[in-house]
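Visitor: A single structure is presented below for examination.
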Amino acid sequence: MNGLELTSVTPFNLLSNAQLERLSRHSDLIYLDQQQTLVIRSQPITERCLLLVFKGRGQWQVNDEDKDIIHANETAGALILLQGGEGRFTALEEVLAYRISGDFFDVLCQENAAFFAYWSAGIRDKIARLQQREQTDAFANFMMLTAADVPLLPIVGLNDEFSLQQASKALRAHQASAGLVMMNDQLHGIVTTTDLLNAFTDHEPNHYPLLSQLAKCKLVSMQQDDHLFKALVLMTEHNLSHIVILRQQHPIGILPQKTLLGALANQSVMMGQQLEQAQTLDDLQPIQQGLTALIRSLHHKGVNPKFIAELVSSLNRALFRKVSHLTRPVSLATLDYALLIMGSEGRQEQILRTDQDNALIWQDNAETSQVSLWAQAIHDALADLGFPDCPGNIMMINPLWQQSLADLLNQVHEWMHQATNESMMYLSILLDADTAAGNPQLTQSLLQQVKSAVASNRAFMGHFAKSVLEFETPLGLFSQFKTNKQGQLDLKKGGLFPIVQGARVLMCEHNITATTTHERLTALGATRTLSSDFASELVEAFDFMQQLRLNEQLIALEQEAEINNLIMVDRLSHLQKDLLKDSFKLVDQFKSLLNHHYKLNQLM
């Protein structure tokens with residue numbers, strides 16, 4: 001075996017050149033005719049080996065368990081060497097393979113920790129390794145940075161005894177662009193140099209405001225161990241230029257926008273400010289056009305889809321707030337309302353823009369004709385900004401999704417009584433609702449009552465959960481992918497939906513308030529329903545499948561093709577295929593757990 005042949009084969013690319021040379025001396029090239037079988041056992045020593053297929057393919061079966069197909073550049077026998085047992089490799093066609101000494105495999109595992117970790121790793125470690133390999137060094141460094149890793153502005157304490165001029169001099173002396181205002185030894189708010197400049201400009205010298213009057217009293221802060229990406233999301237969401245950094249509960253510094261942008265050169269914070277400053281609906285057009293470019297940039301830099309989705313969701317919420325504000329008629333100025341975003345947008349898991357899933361609810365009485373006109377104006381504005389209509393008409397312009405809180409709750413009870421596929425779908429979408437604009441307490445009141453109603457009806461819970469079995473996992477005999485004639489499989493139906501729906505149902509049962517699938521699974525990991533390890537692996541599998549789907553969607557976007565949930569299996573690398581198989585197997589385990597928990601097979 002030429003060691004150079006393995007430098008691109010995982011995990012042999014983790015070995016040093018010297019180890020690869022020694023490997024060649026402890027390996028031999030073997031030929032297997034079609035249907036010929038090679039047995040690998042942990043003992044005796046003559047049958048201890050690792051098989052690396054060079055050409056052809058074969059069927060691999062361990063201890064009479066599930067069968068798998070081994071292709072070129074794939075291995076068989078590692079877990080036998082590590083854990084014991086017996087495996088049988090049967091050639092499905094003529095096979096050339098390297099047979100590597102089991103004893104030397106042990107030596108390599110002892111010498112090379114990364115090589116050993118590859119074979120013993122679970123799906124979390126494998127995905128982490130894949131993500132690490134795909135990230136650029138620049139962004140990988142950024143993702144590791146916390147607020148403790150970047151220079152912070154010093155804490156400059158100010159109070160009402162400072163004049164504006166004294167405050168300005170104090171900030172300049174410390175080269176700070178913001179200071180904290182104290183009142184009665186308590187932190188009152190933050191004042192920036194821009195605030196001081198505006199005060200000098202807008203007021204006469206004898207009528208300058210006090211610093212406590214200038215200060216922004218609602219401080220946004222984060223811990224020094226939090227990642228900079230959190231600061232990016234907070235600045236975007238709240239339209240801020242400074243964030244207070246805490247050590248436990250004590251301010252230790254201020255992170256300015258300039259420092260953050262220096263660590264990550266993208267336009268997301270600026271886009272958030274542009275959204276806030278927009279005066280007309282036309283002002284929103286260029287901002288939305290830049291969002292796709294931002295998504296593509298972050299994706300190519302290897303950012304986890306979860307982080308991209310959080311950032312996009314934050315920008316979209318700012319957009320929805322602005323649209324609702326710009327279109328709201330004066331006649332509804334006092335209306336206590338909530339604009340709901342639902343489905344994947346509500347769960348903060350939608351990245352590229354798909355269709356509108358929204359609703360408009362309100363408290364008490366309202367002039368419904370005026371509300372309908374407003375809902376239509378919001379819908380039309382979103383459509384102009386590139387949000388297409390929902391094929392299922394789950395939009396606020398549909399009277400079903402334009403109701404008072406009391407009326408919508410009555411509608412929920414009707415859906416539960418009907419228990420049709422359509423009503424189940426409506427409830428699923430509604431349970432993912434979040435507030436884009438208006439009063440979030442209305443949304444929370446709605447969701448709490450819906451969850452309680454669902455959880456209190458055990459029979460309904462079973463029917464609600466049964467939809468996880470609606471779509472078959474696209475993994476067939478010998479762990480082969482089931483694809484359509486074009487070599488594609490539906491990642492949403494086959495992998496993502498069962499995780500989302502399963503977490504959604506269990507959330508109701510355990511009265512979990514989390515909105516995202518991540519948070520729901522993590523919370524479920526603290527219950528007896530899911531082990532924490534299994535919940536963590538489901539999260540990793542979900543993230544990985546989201547990454548694959550985004551890859552394919554961005555390709556479709558570049559080719560001006562339809563954006564959907566199909567992925568081309570042939571585009572995947574060997575490691576990606578391996579991880580996707582592992583992910584689908586986790587999905588099947590989750591389905592089995594739900595099947596047992598709710599006795600789904602017994603339901604008609």
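Here's how to read the names in the structure tokens: chain A, B, ... by the order shown, residue numbers from 1 in each chain, ligand numbers from 1 in the order shown.
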Would you list the contacts of Leu211 of chain A as a count of residues only, taking every protein, DNA or RNA residue within 8 Å and counting only C-alpha atoms, but skipping same-chain residues closer than 6 positions in sequence?

Guide: 8

Visitor: Taking 5 positions as the minimum chain separation for residues in the same chain, which residues sit within 7 Å of segment 516-527 of chain A when counting only C-alpha atoms? Answer as JSON, numbers by chain.

Guide: {"A": [347, 348, 500, 503, 507, 532, 535, 536, 539]}

Visitor: How would the residues just picked look written out with C-alpha atoms as a PDB file, in the first residue's frame?

Guide:
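Below is the file that was written, result-v4.pdb:
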ATOM      1  CA  ARG A 347     -39.186  28.264  15.712  1.00  0.00           C
ATOM      2  CA  GLN A 348     -36.310  30.405  14.369  1.00  0.00           C
ATOM      3  CA  VAL A 500     -39.618  18.701  14.989  1.00  0.00           C
ATOM      4  CA  ALA A 503     -40.218  17.486  20.170  1.00  0.00           C
ATOM      5  CA  MET A 507     -43.136  19.722  24.788  1.00  0.00           C
ATOM      6  CA  SER A 532     -29.597  13.769  27.819  1.00  0.00           C
ATOM      7  CA  ALA A 535     -31.377  14.472  23.114  1.00  0.00           C
ATOM      8  CA  SER A 536     -27.939  15.924  22.344  1.00  0.00           C
ATOM      9  CA  VAL A 539     -29.842  18.100  18.169  1.00  0.00           C
TER      10      VAL A 539
END

Visitor: Using only C-alpha atoms, which of A:His250, A:Ala514, A:Lys466, A:Leu586 sits nearest Ile499 of chain A?

Guide: A:Leu586

Visitor: Do you know which residues are at most 8 Å from Met396 of chain A counting only C-alpha atoms, after dropping those on the same chain fewer than 6 positions away, and could you put them as a list in words?

Guide: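 What passes the distance filter is Asn358, Ala359, Leu360, Ala375, Gln376, His379 and Gln402 of chain A.
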
Visitor: Could you write out the selected residues, including N, CA, C and O atoms, as a CSV table (one decimal), in the first residue's frame?

Guide:
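Writing done, so here's result.csv:
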chain,number,residue,atom,x,y,z
A,358,ASN,N,-48.4,33.3,9.1
A,358,ASN,CA,-48.6,34.3,10.1
A,358,ASN,C,-50.1,34.4,10.5
A,358,ASN,O,-51.0,33.8,9.8
A,359,ALA,N,-50.3,35.2,11.5
A,359,ALA,CA,-51.6,35.4,12.1
A,359,ALA,C,-51.7,36.7,12.8
A,359,ALA,O,-50.6,37.3,13.2
A,360,LEU,N,-52.9,37.2,12.9
A,360,LEU,CA,-53.1,38.5,13.6
A,360,LEU,C,-54.2,38.3,14.7
A,360,LEU,O,-55.3,37.9,14.3
A,375,ALA,N,-54.5,43.9,8.0
A,375,ALA,CA,-53.9,42.6,7.8
A,375,ALA,C,-53.5,42.5,6.3
A,375,ALA,O,-52.5,42.0,5.9
A,376,GLN,N,-54.4,43.0,5.4
A,376,GLN,CA,-54.2,43.0,4.0
A,376,GLN,C,-52.9,43.8,3.6
A,376,GLN,O,-52.1,43.4,2.8
A,379,HIS,N,-49.8,42.0,4.7
A,379,HIS,CA,-49.6,40.9,3.8
A,379,HIS,C,-49.0,41.4,2.5
A,379,HIS,O,-48.0,40.8,2.0
A,402,GLN,N,-57.2,35.4,11.6
A,402,GLN,CA,-57.4,36.8,11.9
A,402,GLN,C,-58.6,36.9,12.8
A,402,GLN,O,-59.7,37.1,12.4

Visitor: Could you check which of A:Ser221, A:Gln165, A:Gln486, A:Thr529 is closest to His596 of chain A, using only C-alpha atoms?

Guide: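 For His596 of chain A, the nearest of the given residues is A:Thr529.
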
Visitor: Using only C-alpha atoms, which of A:Pro209, A:Gly487, A:Gly386, A:Gly346 sits nearest Leu572 of chain A?

Guide: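 Among the listed residues, A:Gly487 lies closest to Leu572 of chain A.
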
Visitor: How many Å lie between atom CA of Leu554 of chain A and atom CA of Asp389 of chain A, rounded to one decimal?

Guide: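 Answer for the atom CA of Leu554 of chain A to atom CA of Asp389 of chain A separation: 20.8 Å.
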
Visitor: Smallest atom-to-atom distance to Glu276 of chain A: which of A:Ala318, A:Leu311, A:Ala72, A:Ile254, using only C-alpha atoms?

Guide: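 Among the listed residues, the smallest separation from Glu276 of chain A belongs to A:Ala318.
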
Visitor: For segment 192-196 of chain A, find every residue with an atom within 10 Å (counting only C-alpha atoms), except residues of its own chain fewer than 2 positions away, and show them as number ranges by chain.

Guide: A: 164-165, 167-168, 171-172, 176-180, 190, 198-202, 208-209, 211, 214-216, 241-242

Visitor: Write out as a ChimeraX atom specification which residues come within 10 Å of segment 15-30 of chain A when counting only C-alpha atoms, dropping same-chain ones fewer than 6 positions away.

Guide: /A:1-7,49-54,95-105,107-108,111-115
